[in-house]
>>> print(open('protein.cif').read())   # mmCIF, C-alpha atoms
data_data
#
loop_
_atom_site.label_atom_id
_atom_site.label_comp_id
_atom_site.auth_asym_id
_atom_site.auth_seq_id
_atom_site.Cartn_x
_atom_site.Cartn_y
_atom_site.Cartn_z
CA MET A 1098 0.00 0.00 0.00
CA LYS A 1099 1.10 3.52 -0.69
CA ALA A 1100 0.70 6.65 1.38
CA THR A 1101 1.56 10.21 0.50
CA VAL A 1102 2.33 12.96 2.99
CA TYR A 1103 2.13 16.53 1.70
CA VAL A 1104 4.13 18.92 3.86
CA ARG A 1105 3.53 22.65 3.43
CA LEU A 1106 4.93 25.67 5.24
CA LYS A 1107 2.23 27.39 7.28
CA THR A 1108 0.79 30.37 5.40
CA GLU A 1109 2.15 32.86 7.92
CA VAL A 1110 5.70 31.54 7.49
CA LEU A 1111 7.88 33.21 4.85
CA ASP A 1112 9.07 30.83 2.14
CA PRO A 1113 12.48 32.05 0.90
CA GLN A 1114 12.82 29.20 -1.62
CA GLY A 1115 9.44 30.07 -3.12
CA ARG A 1116 10.43 33.74 -3.23
CA ALA A 1117 13.62 32.85 -5.08
CA VAL A 1118 11.65 30.85 -7.65
CA LEU A 1119 9.19 33.74 -8.04
CA GLY A 1120 12.10 36.11 -8.73
CA ALA A 1121 13.72 33.68 -11.17
CA LEU A 1122 10.44 33.29 -13.08
CA GLY A 1123 10.40 37.06 -13.56
CA HIS A 1124 13.91 36.88 -15.03
CA LEU A 1125 12.81 34.05 -17.33
CA GLY A 1126 10.09 36.33 -18.67
CA VAL A 1127 7.16 34.34 -17.22
CA SER A 1128 4.35 36.73 -16.30
CA GLY A 1129 1.14 36.28 -14.32
CA VAL A 1130 2.63 34.40 -11.37
CA LYS A 1131 1.53 35.89 -8.05
CA ASP A 1132 3.07 33.53 -5.54
CA VAL A 1133 5.08 30.32 -5.29
CA ARG A 1134 5.28 28.09 -2.20
CA ILE A 1135 7.48 25.05 -2.01
CA GLY A 1136 6.72 22.06 0.15
CA LYS A 1137 7.60 18.40 0.39
CA LEU A 1138 5.97 15.44 -1.29
CA ILE A 1139 6.74 12.31 0.69
CA GLU A 1140 5.76 8.99 -0.83
CA ILE A 1141 5.80 6.01 1.48
CA GLU A 1142 5.48 2.38 0.51
CA LEU A 1143 4.08 0.17 3.24
CA ASP A 1144 3.91 -3.59 3.48
CA ASP A 1145 1.10 -5.69 4.90
CA SER A 1146 2.66 -5.81 8.36
CA ALA A 1147 2.06 -2.06 8.70
CA GLY A 1148 -1.47 -2.72 9.94
CA SER A 1149 -5.07 -1.83 9.14
CA GLU A 1150 -6.16 1.49 7.69
CA GLY A 1151 -6.94 3.00 11.11
CA ASP A 1152 -3.58 1.94 12.49
CA LEU A 1153 -1.88 3.32 9.41
CA GLU A 1154 -3.39 6.77 9.77
CA GLN A 1155 -2.25 6.90 13.38
CA LYS A 1156 1.20 5.61 12.47
CA LEU A 1157 1.58 8.12 9.64
CA SER A 1158 0.50 10.99 11.91
CA LYS A 1159 3.12 9.96 14.43
CA MET A 1160 5.76 9.71 11.70
CA SER A 1161 4.79 13.14 10.37
CA ASP A 1162 4.82 14.78 13.79
CA GLU A 1163 8.09 13.27 14.84
CA LEU A 1164 10.12 13.14 11.66
CA LEU A 1165 8.61 14.21 8.35
CA ALA A 1166 7.31 17.67 9.22
CA ASN A 1167 8.27 20.39 11.65
CA PRO A 1168 4.92 21.12 13.35
CA VAL A 1169 6.12 24.54 14.48
CA ILE A 1170 6.30 25.91 10.94
CA GLU A 1171 4.73 23.23 8.75
CA ASP A 1172 1.35 21.60 8.23
CA TYR A 1173 0.93 18.15 6.79
CA GLU A 1174 -1.78 16.22 5.02
CA ILE A 1175 -1.89 12.44 4.78
CA GLN A 1176 -3.39 10.58 1.84
CA LEU A 1177 -3.71 6.81 1.95
CA GLY A 1178 -3.83 4.65 -1.16
CA ASP A 1179 -2.42 4.95 -4.65
CA MET B 894 -6.09 30.28 -10.25
CA LYS B 895 -3.86 27.76 -8.58
CA ALA B 896 -1.53 25.20 -10.09
CA THR B 897 0.46 22.48 -8.39
CA VAL B 898 3.61 20.90 -9.73
CA TYR B 899 4.65 17.57 -8.21
CA VAL B 900 8.35 16.88 -8.73
CA ARG B 901 9.62 13.35 -8.12
CA LEU B 902 13.02 11.77 -8.54
CA LYS B 903 12.98 9.23 -11.38
CA THR B 904 12.55 5.68 -10.04
CA GLU B 905 16.03 4.65 -11.19
CA VAL B 906 17.64 7.51 -9.26
CA LEU B 907 18.76 6.83 -5.68
CA ASP B 908 17.06 9.06 -3.09
CA PRO B 909 19.48 9.57 -0.18
CA GLN B 910 17.03 11.81 1.73
CA GLY B 911 14.35 9.11 1.49
CA ARG B 912 16.87 6.50 2.61
CA ALA B 913 17.77 8.61 5.62
CA VAL B 914 14.09 8.91 6.57
CA LEU B 915 13.64 5.16 6.14
CA GLY B 916 16.56 4.55 8.49
CA ALA B 917 15.27 7.06 11.03
CA LEU B 918 11.82 5.44 11.00
CA GLY B 919 13.47 2.15 11.95
CA HIS B 920 15.14 3.87 14.92
CA LEU B 921 11.79 5.38 15.94
CA GLY B 922 10.36 1.86 16.06
CA VAL B 923 8.00 2.26 13.11
CA SER B 924 7.67 -1.05 11.29
CA GLY B 925 6.17 -2.02 7.95
CA VAL B 926 7.69 0.76 5.87
CA LYS B 927 9.31 -0.58 2.69
CA ASP B 928 10.43 2.58 0.95
CA VAL B 929 10.33 6.36 1.25
CA ARG B 930 10.86 8.79 -1.64
CA ILE B 931 10.95 12.53 -1.16
CA GLY B 932 9.97 14.99 -3.84
CA LYS B 933 8.85 18.59 -4.12
CA LEU B 934 5.37 20.02 -3.90
CA ILE B 935 5.31 23.36 -5.69
CA GLU B 936 2.16 25.45 -5.35
CA ILE B 937 1.82 28.35 -7.76
CA GLU B 938 -0.76 31.12 -7.61
CA LEU B 939 -1.51 32.67 -10.98
CA ASP B 940 -3.42 35.83 -11.79
CA ASP B 941 -5.81 36.39 -14.71
CA SER B 942 -3.05 37.78 -16.92
CA ALA B 943 -1.41 34.34 -16.95
CA GLY B 944 -3.63 33.30 -19.88
CA SER B 945 -6.13 30.60 -20.82
CA GLU B 946 -5.92 27.01 -19.62
CA GLY B 947 -4.04 25.85 -22.75
CA ASP B 948 -1.51 28.67 -22.41
CA LEU B 949 -1.12 27.89 -18.74
CA GLU B 950 -0.25 24.24 -19.29
CA GLN B 951 2.38 25.24 -21.81
CA LYS B 952 3.73 27.95 -19.53
CA LEU B 953 3.88 25.59 -16.55
CA SER B 954 5.69 22.94 -18.60
CA LYS B 955 8.26 25.53 -19.64
CA MET B 956 8.67 26.67 -16.02
CA SER B 957 9.07 23.08 -14.85
CA ASP B 958 11.61 22.20 -17.53
CA GLU B 959 13.67 25.31 -17.06
CA LEU B 960 13.46 26.00 -13.36
CA LEU B 961 11.32 23.82 -11.10
CA ALA B 962 12.60 20.35 -11.96
CA ASN B 963 15.86 18.89 -13.19
CA PRO B 964 14.68 16.83 -16.19
CA VAL B 965 17.83 14.69 -16.07
CA ILE B 966 16.92 13.10 -12.75
CA GLU B 967 13.37 14.25 -12.02
CA ASP B 968 9.89 13.83 -13.47
CA TYR B 969 7.13 16.33 -12.93
CA GLU B 970 3.36 16.32 -13.03
CA ILE B 971 1.26 19.45 -13.43
CA GLN B 972 -2.19 19.85 -11.91
CA LEU B 973 -4.27 22.90 -12.72
CA GLY B 974 -7.02 24.20 -10.44
CA ASP B 975 -7.61 24.18 -6.70
#
>>> encode(input="protein.cif", output="structure tokens")
Amino acid sequence: MKATVYVRLKTEVLDPQGRAVLGALGHLGVSGVKDVRIGKLIEIELDDSAGSEGDLEQKLSKMSDELLANPVIEDYEIQLGD
Amino acid sequence: MKATVYVRLKTEVLDPQGRAVLGALGHLGVSGVKDVRIGKLIEIELDDSAGSEGDLEQKLSKMSDELLANPVIEDYEIQLGD
């Protein structure tokens, strides 16, 4: 089974990497872009021993809180399945 | 309008960051995880001057090829809309 964790900076947190991309797009001559935010796309492959769907959600939340995201400045969203 | 670009390392490319997370999950006592791959989640906000949907797809492909992804080692997927 696959799970995807989307990690995004909280909206009130400045995103310097996104700002840099926004500036570079201007230099490339791309117009009409208002904002760019860059987050992480974490794709996890689980085997059958990982547990039932309920267990998985709990396990993935724990993983996200403790390792994948920084809860002080980032939010995460978990999606189970392909 | 919003667009999202998902950037993933090609499957044949080793992902050291994913490997590190996989190792750390083992130390945290999380079992049942077979593989972890880490990519980028790029969220772009466009204004009305960015053009029609056809133009946008073309523009986003150009942006991805030239700036957002490294086509040698990464694949990207563009999703238009919220």
>>> atom_distance(input="protein.cif", atom1="atom CA of Arg1105 of chain A", atom2="atom CA of Val900 of chain B")
14.3 Å
>>> resolve_selection(input="protein.cif", expression="the PyMOL selection byres ((chain A) within 10 of (chain B))", output="VMD selection string")
chain A and resid 1098 to 1105 1115 1118 to 1119 1121 to 1122 1125 1127 to 1148 1153 1156 to 1157 1159 to 1160 1163 to 1165
>>> atom_distance(input="protein.cif", atom1="atom CA of Lys903 of chain B", atom2="atom CA of Gly947 of chain B")
26.4 Å
>>> atom_distance(input="protein.cif", atom1="atom CA of Ser1161 of chain A", atom2="atom CA of Pro964 of chain B")
28.6 Å
>>> closest_residue(input="protein.cif", among="B:Gln951, B:Asp958, B:Gly922, B:Glu967", to="Leu907 of chain B", atoms="only C-alpha atoms")
B:Glu967
>>> axis_aligned_box(input="protein.cif", around="segment 1162-1175 of chain A", padding_each_side="4 Å", output="JSON")
{"center_x": 4.1, "center_y": 19.2, "center_z": 9.8, "size_x": 20.0, "size_y": 21.5, "size_z": 18.1}
>>> decode(input="protein.cif", residues="segment 933-970 of chain B", atoms="C-alpha atoms", output="JSON list (two decimals), in the first residue's frame")
[["chain", "number", "residue", "atom", "x", "y", "z"],
["B", 933, "LYS", "CA", 8.85, 18.59, -4.12],
["B", 934, "LEU", "CA", 5.37, 20.02, -3.90],
["B", 935, "ILE", "CA", 5.31, 23.36, -5.69],
["B", 936, "GLU", "CA", 2.16, 25.45, -5.35],
["B", 937, "ILE", "CA", 1.82, 28.35, -7.76],
["B", 938, "GLU", "CA", -0.76, 31.12, -7.61],
["B", 939, "LEU", "CA", -1.51, 32.67, -10.98],
["B", 940, "ASP", "CA", -3.42, 35.83, -11.79],
["B", 941, "ASP", "CA", -5.81, 36.39, -14.71],
["B", 942, "SER", "CA", -3.05, 37.78, -16.92],
["B", 943, "ALA", "CA", -1.41, 34.34, -16.95],
["B", 944, "GLY", "CA", -3.63, 33.30, -19.88],
["B", 945, "SER", "CA", -6.13, 30.60, -20.82],
["B", 946, "GLU", "CA", -5.92, 27.01, -19.62],
["B", 947, "GLY", "CA", -4.04, 25.85, -22.75],
["B", 948, "ASP", "CA", -1.51, 28.67, -22.41],
["B", 949, "LEU", "CA", -1.12, 27.89, -18.74],
["B", 950, "GLU", "CA", -0.25, 24.24, -19.29],
["B", 951, "GLN", "CA", 2.38, 25.24, -21.81],
["B", 952, "LYS", "CA", 3.73, 27.95, -19.53],
["B", 953, "LEU", "CA", 3.88, 25.59, -16.55],
["B", 954, "SER", "CA", 5.69, 22.94, -18.60],
["B", 955, "LYS", "CA", 8.26, 25.53, -19.64],
["B", 956, "MET", "CA", 8.67, 26.67, -16.02],
["B", 957, "SER", "CA", 9.07, 23.08, -14.85],
["B", 958, "ASP", "CA", 11.61, 22.20, -17.53],
["B", 959, "GLU", "CA", 13.67, 25.31, -17.06],
["B", 960, "LEU", "CA", 13.46, 26.00, -13.36],
["B", 961, "LEU", "CA", 11.32, 23.82, -11.10],
["B", 962, "ALA", "CA", 12.60, 20.35, -11.96],
["B", 963, "ASN", "CA", 15.86, 18.89, -13.19],
["B", 964, "PRO", "CA", 14.68, 16.83, -16.19],
["B", 965, "VAL", "CA", 17.83, 14.69, -16.07],
["B", 966, "ILE", "CA", 16.92, 13.10, -12.75],
["B", 967, "GLU", "CA", 13.37, 14.25, -12.02],
["B", 968, "ASP", "CA", 9.89, 13.83, -13.47],
["B", 969, "TYR", "CA", 7.13, 16.33, -12.93],
["B", 970, "GLU", "CA", 3.36, 16.32, -13.03]]
